[in-house]
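K.L.:
Provided below: upload08.cif, containing mmCIF, C-alpha atoms and all ligand atoms.
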data_query
loop_
_atom_site.label_atom_id
_atom_site.label_comp_id
_atom_site.auth_asym_id
_atom_site.auth_seq_id
_atom_site.Cartn_x
_atom_site.Cartn_y
_atom_site.Cartn_z
CA MET K 209 -20.75 29.48 -9.04
CA GLN K 210 -17.40 27.74 -9.47
CA ASN K 211 -16.70 24.03 -8.89
CA LEU K 212 -14.31 23.30 -6.03
CA ALA K 213 -11.78 20.51 -5.51
CA ILE K 214 -10.71 19.43 -2.02
CA ILE K 215 -7.35 17.67 -2.19
CA GLY K 216 -5.19 16.10 0.54
CA LEU K 217 -1.67 17.53 0.37
CA GLN K 218 0.11 14.98 2.57
CA TRP K 219 -0.09 11.18 2.94
CA GLY K 220 -3.88 11.17 3.41
CA ASP K 221 -5.89 11.53 6.62
CA GLU K 222 -5.67 15.33 6.52
CA GLY K 223 -9.27 15.69 7.72
CA LYS K 224 -10.93 16.04 4.31
CA GLY K 225 -14.21 14.36 5.38
CA LYS K 226 -15.05 17.07 7.90
CA ILE K 227 -14.27 19.83 5.40
CA ILE K 228 -16.34 18.25 2.61
CA ASP K 229 -19.29 17.94 5.01
CA TYR K 230 -18.77 21.56 6.15
CA LEU K 231 -18.69 22.97 2.59
CA ALA K 232 -21.25 20.63 0.98
CA ASP K 233 -24.20 22.97 1.66
CA ARG K 234 -22.84 25.40 -0.93
CA PHE K 235 -22.87 22.86 -3.80
CA ASP K 236 -25.39 20.85 -5.79
CA ALA K 237 -23.43 17.60 -5.76
CA VAL K 238 -20.44 15.97 -4.09
CA VAL K 239 -18.30 13.79 -6.35
CA ARG K 240 -15.71 11.09 -5.56
CA TYR K 241 -13.16 10.73 -8.36
CA ASN K 242 -10.28 8.52 -7.13
CA GLY K 243 -9.31 5.53 -5.02
CA GLY K 244 -11.97 3.24 -3.64
CA SER K 245 -12.95 1.79 -0.28
CA ASN K 246 -9.36 2.23 0.94
CA ALA K 247 -10.53 5.75 1.88
CA GLY K 248 -12.13 6.45 5.25
CA HIS K 249 -13.66 9.92 5.49
CA THR K 250 -15.00 10.75 8.93
CA VAL K 251 -17.81 13.22 9.62
CA VAL K 252 -18.94 14.03 13.17
CA THR K 253 -22.43 15.42 13.79
CA LYS K 254 -24.61 15.84 16.86
CA SER K 255 -26.22 12.49 16.02
CA GLY K 256 -22.94 10.57 15.82
CA LYS K 257 -19.77 9.76 13.91
CA TYR K 258 -19.90 8.47 10.32
CA THR K 259 -17.00 7.02 8.32
CA PHE K 260 -17.57 6.91 4.57
CA HIS K 261 -15.46 4.59 2.41
CA LEU K 262 -17.17 4.94 -0.98
CA ILE K 263 -20.19 7.18 -0.56
CA PRO K 264 -19.17 10.85 -0.89
CA SER K 265 -19.05 12.74 2.41
CA GLY K 266 -21.87 15.10 1.35
CA ALA K 267 -24.32 12.30 2.20
CA LEU K 268 -25.40 13.83 5.50
CA LYS K 269 -26.33 17.10 3.79
CA GLY K 270 -28.77 15.39 1.43
CA LYS K 271 -26.75 16.36 -1.65
CA LYS K 272 -26.64 14.51 -4.98
CA LEU K 273 -23.73 12.08 -4.69
CA LEU K 274 -21.71 10.92 -7.69
CA ILE K 275 -18.98 8.29 -7.95
CA GLY K 276 -16.83 8.95 -11.03
CA ALA K 277 -15.37 6.49 -13.53
CA GLY K 278 -11.87 6.68 -12.02
CA VAL K 279 -13.02 5.21 -8.71
CA THR K 280 -12.73 1.46 -8.20
CA VAL K 281 -15.93 0.25 -6.57
CA ASP K 282 -16.40 -2.73 -4.27
CA PRO K 283 -20.13 -3.46 -4.71
CA ILE K 284 -20.35 -5.33 -1.40
CA ILE K 285 -18.91 -2.41 0.58
CA LEU K 286 -21.07 0.08 -1.35
CA ASN K 287 -24.18 -1.99 -0.61
CA ASP K 288 -23.29 -2.29 3.09
CA GLU K 289 -22.62 1.45 3.32
CA ILE K 290 -25.93 2.39 1.66
CA GLU K 291 -27.79 0.01 3.99
CA LEU K 292 -25.93 1.24 7.09
CA ILE K 293 -26.79 4.90 6.58
CA LYS K 294 -30.35 3.95 5.61
CA ARG K 295 -30.65 2.46 9.12
CA HIS K 296 -29.65 5.92 10.42
CA GLY K 297 -32.51 7.45 8.42
CA ILE K 298 -30.37 8.75 5.55
CA ASN K 299 -31.32 7.83 2.01
CA ALA K 300 -28.14 8.39 -0.02
CA ASP K 301 -28.94 9.83 -3.45
CA VAL K 302 -25.87 8.13 -4.94
CA LEU K 303 -25.22 7.46 -8.63
CA ILE K 304 -22.26 5.45 -9.92
CA ASP K 305 -20.61 5.98 -13.28
CA GLY K 306 -21.16 2.86 -15.41
CA ARG K 307 -17.44 2.90 -16.26
CA CYS K 308 -16.22 2.37 -12.66
CA THR K 309 -13.93 -0.64 -12.39
CA LEU K 310 -15.09 -3.17 -9.79
CA VAL K 311 -13.26 -4.83 -6.90
CA THR K 312 -13.91 -8.57 -6.62
CA PRO K 313 -13.23 -10.75 -3.53
CA PHE K 314 -10.24 -12.19 -5.43
CA ASP K 315 -8.63 -8.75 -5.69
CA LYS K 316 -8.61 -8.70 -1.89
CA GLU K 317 -6.97 -12.14 -1.77
CA LEU K 318 -4.37 -10.98 -4.25
CA ASP K 319 -3.76 -7.78 -2.26
CA ILE K 320 -2.95 -9.87 0.83
CA SER K 321 -0.74 -12.40 -0.97
CA ILE K 322 1.21 -9.70 -2.88
CA GLU K 323 1.87 -7.97 0.45
CA GLU K 324 3.13 -11.25 1.93
CA MET K 325 5.46 -11.67 -1.07
CA ARG K 326 7.04 -8.30 -0.27
CA GLY K 327 8.17 -9.58 3.14
CA GLY K 328 9.91 -6.82 5.08
CA ARG K 329 9.11 -4.29 2.35
CA MET K 330 5.35 -4.44 2.69
CA LEU K 331 3.49 -1.35 1.49
CA GLY K 332 1.02 -1.77 4.34
CA THR K 333 -2.00 -1.58 2.00
CA THR K 334 -5.51 -1.36 3.37
CA ARG K 335 -6.06 -4.91 1.99
CA ARG K 336 -9.22 -3.70 0.25
CA GLY K 337 -8.10 -5.08 -3.14
CA ILE K 338 -7.61 -1.61 -4.62
CA GLY K 339 -4.21 -2.21 -6.30
CA PRO K 340 -5.21 -5.56 -7.87
CA SER K 341 -8.49 -4.07 -9.12
CA TYR K 342 -6.71 -1.21 -10.93
CA ALA K 343 -4.18 -3.77 -12.24
CA MET K 344 -7.03 -5.95 -13.55
CA ARG K 345 -8.36 -2.87 -15.33
CA ALA K 346 -4.95 -2.27 -16.93
CA LEU K 347 -5.00 -5.94 -18.03
CA ARG K 348 -8.49 -5.35 -19.42
CA LEU K 349 -9.87 -8.26 -17.42
CA ALA K 350 -11.91 -6.41 -14.76
CA PRO K 351 -15.62 -5.76 -15.25
CA ARG K 352 -17.00 -2.24 -15.02
CA ALA K 353 -20.20 -1.47 -13.12
CA ILE K 354 -22.13 -1.44 -16.41
CA ASP K 355 -20.80 -4.91 -17.25
CA THR K 356 -22.74 -6.45 -14.39
CA ILE K 357 -25.92 -5.55 -16.25
CA HIS K 358 -24.86 -6.21 -19.84
CA GLU K 359 -22.79 -8.96 -21.53
CA PHE K 360 -19.20 -9.38 -20.27
CA ASP K 361 -16.44 -11.96 -20.70
CA TYR K 362 -16.23 -13.12 -17.08
CA ASP K 363 -14.60 -16.39 -18.17
CA SER K 364 -11.23 -14.81 -19.03
CA MET K 365 -11.13 -13.01 -15.70
CA LEU K 366 -12.06 -16.14 -13.74
CA ARG K 367 -9.42 -18.22 -15.59
CA PHE K 368 -6.83 -15.57 -14.71
CA TYR K 369 -7.75 -15.60 -11.01
CA GLU K 370 -7.80 -19.42 -10.98
CA ARG K 371 -4.33 -19.62 -12.44
CA ILE K 372 -2.87 -17.01 -10.08
CA LEU K 373 -4.65 -18.19 -6.93
CA GLY K 374 -4.41 -21.91 -7.75
CA LYS K 375 -8.03 -22.66 -6.86
CA LYS K 376 -11.53 -22.69 -8.34
CA VAL K 377 -13.25 -19.31 -8.08
CA ARG K 378 -16.91 -18.36 -8.36
CA LEU K 379 -18.59 -14.97 -8.54
CA GLU K 380 -22.33 -15.70 -8.55
CA ASP K 381 -23.09 -14.28 -5.08
CA TRP K 382 -20.92 -11.23 -5.69
CA LEU K 383 -22.60 -10.61 -9.05
CA ARG K 384 -26.07 -10.88 -7.54
CA ILE K 385 -25.27 -8.17 -4.96
CA ALA K 386 -23.48 -6.05 -7.58
CA ARG K 387 -26.50 -6.19 -9.90
CA SER K 388 -28.88 -5.19 -7.16
CA VAL K 389 -26.76 -2.27 -5.91
CA PHE K 390 -26.15 -0.92 -9.44
CA LYS K 391 -29.74 -1.39 -10.62
CA ASP K 392 -31.21 2.13 -11.03
CA ARG K 393 -27.97 3.72 -9.75
CA LEU K 394 -25.77 3.87 -12.88
CA CYS K 395 -25.06 7.15 -14.62
CA ASP K 396 -22.69 9.08 -16.86
CA ALA K 397 -21.09 11.25 -14.15
CA SER K 398 -19.55 13.49 -16.80
CA SER K 399 -22.92 14.52 -18.26
CA GLN K 400 -24.43 14.87 -14.78
CA ILE K 401 -21.77 17.43 -13.89
CA TYR K 402 -22.10 19.21 -17.24
CA GLU K 403 -25.85 19.54 -16.66
CA ILE K 404 -25.39 20.94 -13.15
CA ASN K 405 -22.86 23.48 -14.43
CA GLU K 406 -25.03 24.34 -17.49
CA ARG K 407 -27.91 25.39 -15.28
CA GLY K 408 -25.58 27.52 -13.12
CA GLY K 409 -24.99 25.04 -10.30
CA SER K 410 -21.66 23.77 -9.02
CA VAL K 411 -20.10 20.61 -7.65
CA LEU K 412 -17.61 19.73 -4.94
CA PHE K 413 -14.90 17.22 -5.91
CA GLU K 414 -13.89 15.05 -2.95
CA GLY K 415 -10.28 13.86 -3.13
CA SER K 416 -9.22 10.67 -1.37
CA GLN K 417 -5.81 9.75 0.05
CA GLY K 418 -3.16 12.45 -0.40
CA THR K 419 -0.73 13.88 -2.92
CA LEU K 420 2.25 11.91 -1.61
CA LEU K 421 0.31 8.67 -2.19
CA ASP K 422 -0.22 9.41 -5.92
CA ILE K 423 1.03 6.48 -7.99
CA LEU K 424 3.08 8.75 -10.30
CA TYR K 425 3.91 11.79 -8.17
CA GLY K 426 4.03 10.26 -4.69
CA SER K 427 6.67 8.34 -2.74
CA TYR K 428 6.60 5.35 -5.15
CA PRO K 429 6.42 2.40 -4.55
CA TYR K 430 4.95 3.26 -1.12
CA VAL K 431 1.84 4.78 -2.66
CA THR K 432 -1.72 3.86 -3.52
CA SER K 433 -2.67 2.63 -6.97
CA SER K 434 -4.64 5.58 -8.32
CA HIS K 435 -4.03 9.26 -8.85
CA THR K 436 -4.66 11.67 -6.02
CA LEU K 437 -3.87 14.95 -7.77
CA SER K 438 -6.41 17.58 -8.82
CA SER K 439 -5.63 16.91 -12.49
CA TYR K 440 -7.11 13.40 -12.17
CA ILE K 441 -10.54 14.99 -11.67
CA ALA K 442 -10.64 15.76 -15.39
CA THR K 443 -9.67 12.24 -16.52
CA SER K 444 -11.78 10.42 -13.97
CA LEU K 445 -14.91 12.42 -14.64
CA GLY K 446 -14.58 13.04 -18.36
CA LEU K 447 -14.33 16.81 -17.92
CA PRO K 448 -12.05 19.40 -19.51
CA GLY K 449 -9.47 20.73 -17.02
CA LYS K 450 -11.18 24.12 -16.83
CA TYR K 451 -14.18 22.47 -15.10
CA ILE K 452 -12.06 21.68 -12.04
CA GLY K 453 -12.49 25.26 -10.81
CA LYS K 454 -10.85 26.25 -7.54
CA VAL K 455 -8.42 23.88 -5.78
CA MET K 456 -8.24 23.89 -1.99
CA GLY K 457 -5.57 21.78 -0.35
CA VAL K 458 -6.15 20.29 3.09
CA VAL K 459 -3.05 20.31 5.32
CA LYS K 460 -2.97 18.76 8.77
CA CYS K 461 -0.70 20.96 10.91
CA TYR K 462 1.51 17.93 11.56
CA THR K 463 2.02 14.90 9.31
CA THR K 464 0.85 11.29 9.52
CA ARG K 465 1.17 8.26 7.33
CA VAL K 466 -0.12 4.71 7.57
CA GLY K 467 1.78 1.87 6.01
CA GLY K 468 5.43 1.63 5.02
CA GLY K 469 7.71 4.01 3.18
CA PRO K 470 9.98 7.00 3.79
CA PHE K 471 8.86 9.73 6.19
CA PRO K 472 11.55 12.42 6.66
CA THR K 473 9.90 14.27 9.57
CA GLU K 474 8.75 11.16 11.48
CA ILE K 475 8.95 11.63 15.27
CA GLY K 476 10.83 8.87 17.01
CA ASP K 477 10.02 9.66 20.65
CA GLY K 478 7.08 9.80 23.07
CA ILE K 479 5.70 13.03 21.56
CA ALA K 480 4.45 10.87 18.66
CA ASP K 481 2.40 8.82 21.14
CA SER K 482 0.92 11.98 22.67
CA ILE K 483 -0.05 13.40 19.28
CA ARG K 484 -1.49 10.04 18.20
CA LYS K 485 -3.60 9.89 21.34
CA ILE K 486 -4.78 13.51 21.30
CA GLY K 487 -5.40 13.51 17.55
CA ASN K 488 -6.97 10.01 17.52
CA GLU K 489 -4.53 9.06 14.78
CA TYR K 490 -5.70 5.55 13.98
CA GLY K 491 -6.65 4.46 10.45
CA ALA K 492 -10.35 5.10 9.71
CA THR K 493 -10.41 2.04 7.42
CA THR K 494 -8.03 -0.36 9.15
CA GLY K 495 -7.71 0.95 12.72
CA ARG K 496 -3.90 0.86 12.45
CA PRO K 497 -1.93 3.41 14.53
CA ARG K 498 -0.72 6.13 12.17
CA ARG K 499 2.95 7.10 12.10
CA ILE K 500 3.41 10.68 13.30
CA GLY K 501 5.75 13.44 12.12
CA TRP K 502 6.12 17.21 12.09
CA LEU K 503 4.71 19.43 9.33
CA ASP K 504 6.92 19.15 6.24
CA LEU K 505 7.01 22.34 4.15
CA VAL K 506 9.37 20.81 1.55
CA ALA K 507 6.82 18.15 0.68
CA LEU K 508 4.01 20.71 0.85
CA ARG K 509 5.62 23.15 -1.60
CA TYR K 510 5.77 20.26 -4.08
CA ALA K 511 2.17 19.21 -3.35
CA ILE K 512 0.95 22.77 -3.89
CA ARG K 513 2.72 22.99 -7.23
CA VAL K 514 1.60 19.65 -8.68
CA ASN K 515 -2.02 20.32 -7.67
CA GLY K 516 -2.21 24.03 -8.54
CA VAL K 517 -3.50 24.79 -5.03
CA ASP K 518 -5.31 28.15 -4.72
CA GLU K 519 -5.98 28.11 -0.97
CA ILE K 520 -5.09 26.03 2.06
CA ILE K 521 -7.32 24.57 4.75
CA LEU K 522 -5.28 23.98 7.90
CA SER K 523 -6.67 21.20 10.09
CA LYS K 524 -6.30 19.79 13.60
CA LEU K 525 -4.84 22.94 15.18
CA ASP K 526 -6.41 21.82 18.48
CA VAL K 527 -3.99 18.90 18.60
CA LEU K 528 -0.82 21.01 18.36
CA ALA K 529 -2.27 23.51 20.84
CA LYS K 530 -2.14 20.70 23.40
CA ILE K 531 1.53 19.94 22.59
CA LYS K 532 3.69 22.48 24.42
CA ASP K 533 6.37 22.96 21.76
CA PHE K 534 6.26 21.69 18.24
CA LYS K 535 8.40 21.90 15.13
CA ILE K 536 7.97 22.65 11.45
CA CYS K 537 10.40 21.43 8.81
CA THR K 538 11.36 24.24 6.42
CA ALA K 539 14.09 22.47 4.41
CA TYR K 540 16.10 19.22 4.27
CA GLU K 541 19.81 18.72 4.43
CA LEU K 542 21.38 16.05 2.23
CA ASP K 543 25.17 15.56 1.88
CA GLY K 544 25.78 19.02 3.37
CA GLU K 545 23.41 20.71 0.91
CA GLU K 546 20.21 22.54 1.97
CA ILE K 547 17.29 21.31 -0.13
CA ARG K 548 13.87 22.89 -0.60
CA ASP K 549 12.82 20.96 -3.73
CA PHE K 550 11.14 17.63 -2.91
CA TYR K 551 11.96 16.14 -6.33
CA LYS K 552 15.67 16.32 -5.54
CA VAL K 553 15.34 13.83 -2.68
CA LEU K 554 12.90 11.36 -4.29
CA GLY K 555 15.57 8.68 -4.38
CA ALA K 556 17.12 9.53 -1.02
CA MET K 557 14.23 10.32 1.30
CA ASP K 558 15.51 7.96 4.00
CA ASN K 559 18.77 9.88 4.22
CA VAL K 560 17.61 13.49 4.50
CA VAL K 561 17.96 15.46 7.73
CA PRO K 562 14.98 17.81 8.29
CA LEU K 563 15.79 21.40 9.34
CA TYR K 564 13.27 22.71 11.85
CA ASP K 565 11.83 25.95 13.31
CA ASN K 566 10.17 25.81 16.75
CA PHE K 567 6.63 26.95 17.60
CA SER K 568 3.92 26.89 20.24
CA ILE K 569 0.27 27.99 20.01
CA ASP K 570 -2.67 28.55 22.38
CA GLU K 571 -5.95 26.65 22.42
CA ILE K 572 -8.68 28.08 20.18
CA GLU K 573 -12.08 28.53 21.86
CA ILE K 574 -15.36 28.46 19.92
CA GLY K 575 -16.50 32.02 19.17
CA ASN K 576 -13.25 33.68 20.32
CA GLY K 577 -11.46 33.96 16.97
CA ILE K 578 -7.74 33.27 16.74
CA SER K 579 -4.97 34.46 19.05
CA GLY K 580 -1.66 36.13 18.18
CA LYS K 581 0.38 32.93 18.27
CA VAL K 582 -2.03 31.08 15.96
CA LYS K 583 -2.02 34.07 13.64
CA ASP K 584 1.80 34.09 13.62
CA LEU K 585 1.81 30.38 12.75
CA ILE K 586 -0.62 30.92 9.87
CA ASP K 587 1.42 33.91 8.60
CA PHE K 588 4.58 31.78 8.70
CA ILE K 589 2.98 28.92 6.76
CA GLU K 590 1.46 31.31 4.18
CA LYS K 591 4.83 33.02 3.65
CA GLU K 592 6.74 29.75 3.33
CA LEU K 593 4.21 28.19 0.95
CA ASP K 594 3.17 31.37 -0.89
CA VAL K 595 -0.53 30.39 -0.61
CA ASN K 596 -3.25 31.81 1.66
CA VAL K 597 -4.81 29.79 4.45
CA SER K 598 -8.55 30.42 4.08
CA ILE K 599 -10.07 27.98 6.57
CA ILE K 600 -8.81 26.54 9.85
CA SER K 601 -10.27 23.54 11.62
CA TYR K 602 -9.66 22.90 15.32
CA GLY K 603 -11.75 19.86 16.24
CA GLU K 604 -13.98 17.18 14.76
CA GLU K 605 -17.26 19.05 15.15
CA ARG K 606 -18.60 21.24 12.35
CA GLU K 607 -18.64 24.37 14.53
CA ARG K 608 -14.91 24.06 15.24
CA THR K 609 -14.13 25.69 11.91
CA ILE K 610 -13.12 29.31 11.13
CA GLU K 611 -13.17 30.94 7.70
CA LEU K 612 -10.45 33.61 7.58
P1 LIG G 1 -3.84 0.71 -0.85
O1 LIG G 1 -4.39 1.99 -1.38
O2 LIG G 1 -4.82 -0.04 0.02
O3 LIG G 1 -3.23 -0.14 -1.94
O4 LIG G 1 -2.61 1.07 0.12
C1 LIG G 1 -1.41 1.65 -0.36
C2 LIG G 1 -0.88 2.69 0.60
O5 LIG G 1 -1.79 3.80 0.65
C3 LIG G 1 -0.76 2.20 2.04
O6 LIG G 1 0.35 2.84 2.65
C4 LIG G 1 -2.05 2.68 2.68
O7 LIG G 1 -1.92 2.83 4.08
C5 LIG G 1 -2.21 4.02 1.99
N1 LIG G 1 -3.60 4.49 1.95
C6 LIG G 1 -4.58 4.07 1.13
N2 LIG G 1 -5.71 4.74 1.38
C7 LIG G 1 -5.44 5.62 2.36
C8 LIG G 1 -6.22 6.61 3.04
O8 LIG G 1 -7.40 6.84 2.76
N3 LIG G 1 -5.56 7.34 4.00
C9 LIG G 1 -4.25 7.14 4.28
N4 LIG G 1 -3.49 6.22 3.68
C10 LIG G 1 -4.08 5.46 2.72
#
Would you mind writing the file's structure down as C-alpha cells?
Ligand code: IMP
P.N.:
Amino acid sequence: MQNLAIIGLQWGDEGKGKIIDYLADRFDAVVRYNGGSNAGHTVVTKSGKYTFHLIPSGALKGKKLLIGAGVTVDPIILNDEIELIKRHGINADVLIDGRCTLVTPFDKELDISIEEMRGGRMLGTTRRGIGPSYAMRALRLAPRAIDTIHEFDYDSMLRFYERILGKKVRLEDWLRIARSVFKDRLCDASSQIYEINERGGSVLFEGSQGTLLDILYGSYPYVTSSHTLSSYIATSLGLPGKYIGKVMGVVKCYTTRVGGGPFPTEIGDGIADSIRKIGNEYGATTGRPRRIGWLDLVALRYAIRVNGVDEIILSKLDVLAKIKDFKICTAYELDGEEIRDFYKVLGAMDNVVPLYDNFSIDEIEIGNGISGKVKDLIDFIEKELDVNVSIISYGEERERTIEL
C-alpha cells in the first residue's frame, strides 16, 4: 500500500485533524513532519473533543505515532499532552526523532517580544516560540531532543538568551522534564518508516498549518517559520521524494486565516460573523477569532501546483449550506488585468480585486448522499482546479464524511 500525505492548501485550519483521524485506520503509523505546538488539530469522537498540538492525530486509533526531525518540539507541551490523553485512557505510542529541535521557555519570551517590536505589523504568531526555536536551530545554538540525553553545549545557548533578554536564565527544570519525556521515546523516524514500508505497510503524513503559511512559498512575512509543503516530508523525515506517495490536499469550502497579513477574499460584513459562528472559527491553539473569506481558486491553483496534489478533500460543506448565498473567487483583477496566477500578485496582494461567481447549496443529511447543487459545486471546483474531489466532509463527527 502507498503512503499518503494530507496537506492543508490554504492558511491552515482546513479541518485536517478530522481527516487524519478518519483515514488513520488504513495505515500503520501517523507521522508529523512540520511546525510544532503552534498546530491545533481537532478530532471529535463520541467520547469527546480532542485537540492535538504535537501528538499526531492518529492517537485515538491506537496507531504508531512518529514525530519527524523537522518538527520543533516543546517538551513541556508534549509531556502535558501525553499525560492528558493518558487520563482519558489513551496510551499514545509516540516516538520522537532524536534530531527534533526543541522549544525552550526563552523562545516563547522571544516570540512575544519580537511581536511587540513589530508594532502595527505584528504577524499574530501563536506565541508558542516556534519561530525563535527554528531560528536558534539556524544559529546552531538550539539543542535537539537527543542532546538532552547526551553531552551538549548549553552554555553558549544560555549566554545568547541572557544577552538578548537581558536577564539570568536557567533551564534545569525544563531539562528535567525534557529528559523524562524523551527517555525511551527517541527514534530515527526515517528508519522506522523505511521498515514499515519494507514489510509492505504504509504511513500517513500529517501536515500542519497550510500552504500559504510556508516560509518560502507562502505570503511572506506573514507566514509560519517552517515548511508546510508536501516536499518537506522528504527533508524532515530523511526519505527520498518517491516515499511521499499520494498527496491529498484539504480545502475548506471557504477561507480563514488567523493573524495578520494579506487576505484577498476576506469578507468585510456580517456574513463573516455568521460563518465564524456556524463554523466555530476560533483558533484551536489560541482561541482567537479567525478572519473569514470566500474560497480563493487563484491561491488554490498555486497550492495544488507547489504540492503536487493528486486529490482534494473538501471540508465544512455544512457551514456553507447554512449560508443562503455564497461566493467563490475564480480570478483577481489588478490594474485592469485579469490574473489567475498567484505568483503574479505576491507583492500586491492587498491591492487585488477578487472576481466572484455566486453559489448556493442544500444541507447534506447523513446517509442521503449528495444533492444536485452540491454535485454542481464539486464539478465546478474540479473543473477550475483540474483535480478530483475524492472526499467531502460536512461536520465534525467522523460519520459526516463521504468518499466519492
Ligand atoms: P507561528 O507559527 O506561531 O510563528 O505564527 C505565524 C503565523 O502562522 C501566524 O499568522 C499564526 O496565526 C499562523 N499559524 C501558525 N500555526 C497555525 C495553525 O496551526 N493554523 C493556522 N494558523 C497558524
K.L.:
Which is closest to ligand LIG 1 (chain G) among K:Thr464, K:Thr253, K:Ser364, K:Gln210, if we use all atoms listed in the file?
P.N.:
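Between K:Thr464, K:Thr253, K:Ser364, K:Gln210, the residue approaching ligand LIG 1 (chain G) most closely is K:Thr464.
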K.L.:
Would you mind listing what lies within 12 Å of K:Asp363 as a PDB file with C-alpha atoms, keeping the file's coordinate frame, with all atoms listed in the file counted and same-chain residues fewer than 5 positions away left out?
P.N.:
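Okay, this is what ended up in around-v4.pdb:
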ATOM      1  CA  LEU K 349      -9.870  -8.260 -17.420  1.00  0.00           C
ATOM      2  CA  ALA K 350     -11.910  -6.410 -14.760  1.00  0.00           C
ATOM      3  CA  PRO K 351     -15.620  -5.760 -15.250  1.00  0.00           C
ATOM      4  CA  PHE K 368      -6.830 -15.570 -14.710  1.00  0.00           C
ATOM      5  CA  TYR K 369      -7.750 -15.600 -11.010  1.00  0.00           C
ATOM      6  CA  GLU K 370      -7.800 -19.420 -10.980  1.00  0.00           C
ATOM      7  CA  VAL K 377     -13.250 -19.310  -8.080  1.00  0.00           C
ATOM      8  CA  ARG K 378     -16.910 -18.360  -8.360  1.00  0.00           C
ATOM      9  CA  LEU K 379     -18.590 -14.970  -8.540  1.00  0.00           C
TER      10      LEU K 379
END
K.L.:
List every residue of chain K that has an atom at most 9 Å from any atom of ligand LIG 1 (chain G), and for each one report the closest atom pair and its distance in Å to one decimal, counting all atoms listed in the file, with rows sorted by chain and then by increasing residue number, as JSON lines.
P.N.:
{"residue": "K:Trp219", "atom": "CA", "partner": "G:LIG1", "partner_atom": "C9", "distance": 6.0}
{"residue": "K:Gly220", "atom": "CA", "partner": "G:LIG1", "partner_atom": "C9", "distance": 4.1}
{"residue": "K:Asp221", "atom": "CA", "partner": "G:LIG1", "partner_atom": "N3", "distance": 5.0}
{"residue": "K:Glu222", "atom": "CA", "partner": "G:LIG1", "partner_atom": "N3", "distance": 8.4}
{"residue": "K:Gly243", "atom": "CA", "partner": "G:LIG1", "partner_atom": "O1", "distance": 7.1}
{"residue": "K:Gly244", "atom": "CA", "partner": "G:LIG1", "partner_atom": "O1", "distance": 8.0}
{"residue": "K:Ser245", "atom": "CA", "partner": "G:LIG1", "partner_atom": "N2", "distance": 8.0}
{"residue": "K:Asn246", "atom": "CA", "partner": "G:LIG1", "partner_atom": "N2", "distance": 4.5}
{"residue": "K:Ala247", "atom": "CA", "partner": "G:LIG1", "partner_atom": "O8", "distance": 3.4}
{"residue": "K:Gly248", "atom": "CA", "partner": "G:LIG1", "partner_atom": "O8", "distance": 5.4}
{"residue": "K:His249", "atom": "CA", "partner": "G:LIG1", "partner_atom": "O8", "distance": 7.5}
{"residue": "K:His261", "atom": "CA", "partner": "G:LIG1", "partner_atom": "O8", "distance": 8.4}
{"residue": "K:Asp319", "atom": "CA", "partner": "G:LIG1", "partner_atom": "O3", "distance": 7.7}
{"residue": "K:Met330", "atom": "CA", "partner": "G:LIG1", "partner_atom": "O6", "distance": 8.8}
{"residue": "K:Leu331", "atom": "CA", "partner": "G:LIG1", "partner_atom": "O6", "distance": 5.4}
{"residue": "K:Gly332", "atom": "CA", "partner": "G:LIG1", "partner_atom": "C3", "distance": 4.9}
{"residue": "K:Thr333", "atom": "CA", "partner": "G:LIG1", "partner_atom": "O4", "distance": 3.3}
{"residue": "K:Thr334", "atom": "CA", "partner": "G:LIG1", "partner_atom": "O2", "distance": 3.7}
{"residue": "K:Arg335", "atom": "CA", "partner": "G:LIG1", "partner_atom": "O2", "distance": 5.4}
{"residue": "K:Arg336", "atom": "CA", "partner": "G:LIG1", "partner_atom": "O2", "distance": 5.7}
{"residue": "K:Gly337", "atom": "CA", "partner": "G:LIG1", "partner_atom": "O2", "distance": 6.8}
{"residue": "K:Ile338", "atom": "CA", "partner": "G:LIG1", "partner_atom": "O3", "distance": 5.3}
{"residue": "K:Gly339", "atom": "CA", "partner": "G:LIG1", "partner_atom": "O3", "distance": 4.9}
{"residue": "K:Pro340", "atom": "CA", "partner": "G:LIG1", "partner_atom": "O3", "distance": 8.3}
{"residue": "K:Ser416", "atom": "CA", "partner": "G:LIG1", "partner_atom": "O8", "distance": 5.9}
{"residue": "K:Gln417", "atom": "CA", "partner": "G:LIG1", "partner_atom": "O8", "distance": 4.3}
{"residue": "K:Gly418", "atom": "CA", "partner": "G:LIG1", "partner_atom": "N3", "distance": 7.2}
{"residue": "K:Leu421", "atom": "CA", "partner": "G:LIG1", "partner_atom": "O5", "distance": 6.0}
{"residue": "K:Asp422", "atom": "CA", "partner": "G:LIG1", "partner_atom": "O5", "distance": 8.8}
{"residue": "K:Pro429", "atom": "CA", "partner": "G:LIG1", "partner_atom": "C1", "distance": 8.9}
{"residue": "K:Tyr430", "atom": "CA", "partner": "G:LIG1", "partner_atom": "O6", "distance": 6.0}
{"residue": "K:Val431", "atom": "CA", "partner": "G:LIG1", "partner_atom": "C2", "distance": 4.7}
{"residue": "K:Thr432", "atom": "CA", "partner": "G:LIG1", "partner_atom": "C1", "distance": 3.9}
{"residue": "K:Ser433", "atom": "CA", "partner": "G:LIG1", "partner_atom": "O3", "distance": 5.8}
{"residue": "K:Ser434", "atom": "CA", "partner": "G:LIG1", "partner_atom": "O1", "distance": 7.8}
{"residue": "K:Thr464", "atom": "CA", "partner": "G:LIG1", "partner_atom": "C9", "distance": 8.4}
{"residue": "K:Arg465", "atom": "CA", "partner": "G:LIG1", "partner_atom": "N4", "distance": 6.3}
{"residue": "K:Val466", "atom": "CA", "partner": "G:LIG1", "partner_atom": "O7", "distance": 4.4}
{"residue": "K:Gly467", "atom": "CA", "partner": "G:LIG1", "partner_atom": "O6", "distance": 3.8}
{"residue": "K:Gly468", "atom": "CA", "partner": "G:LIG1", "partner_atom": "O6", "distance": 5.7}
{"residue": "K:Gly469", "atom": "CA", "partner": "G:LIG1", "partner_atom": "O6", "distance": 7.5}
{"residue": "K:Gly491", "atom": "CA", "partner": "G:LIG1", "partner_atom": "C9", "distance": 7.1}
{"residue": "K:Ala492", "atom": "CA", "partner": "G:LIG1", "partner_atom": "O8", "distance": 7.7}
{"residue": "K:Thr493", "atom": "CA", "partner": "G:LIG1", "partner_atom": "O8", "distance": 7.3}
{"residue": "K:Thr494", "atom": "CA", "partner": "G:LIG1", "partner_atom": "O7", "distance": 8.6}
{"residue": "K:Arg496", "atom": "CA", "partner": "G:LIG1", "partner_atom": "O7", "distance": 8.8}
{"residue": "K:Arg498", "atom": "CA", "partner": "G:LIG1", "partner_atom": "C9", "distance": 8.7}
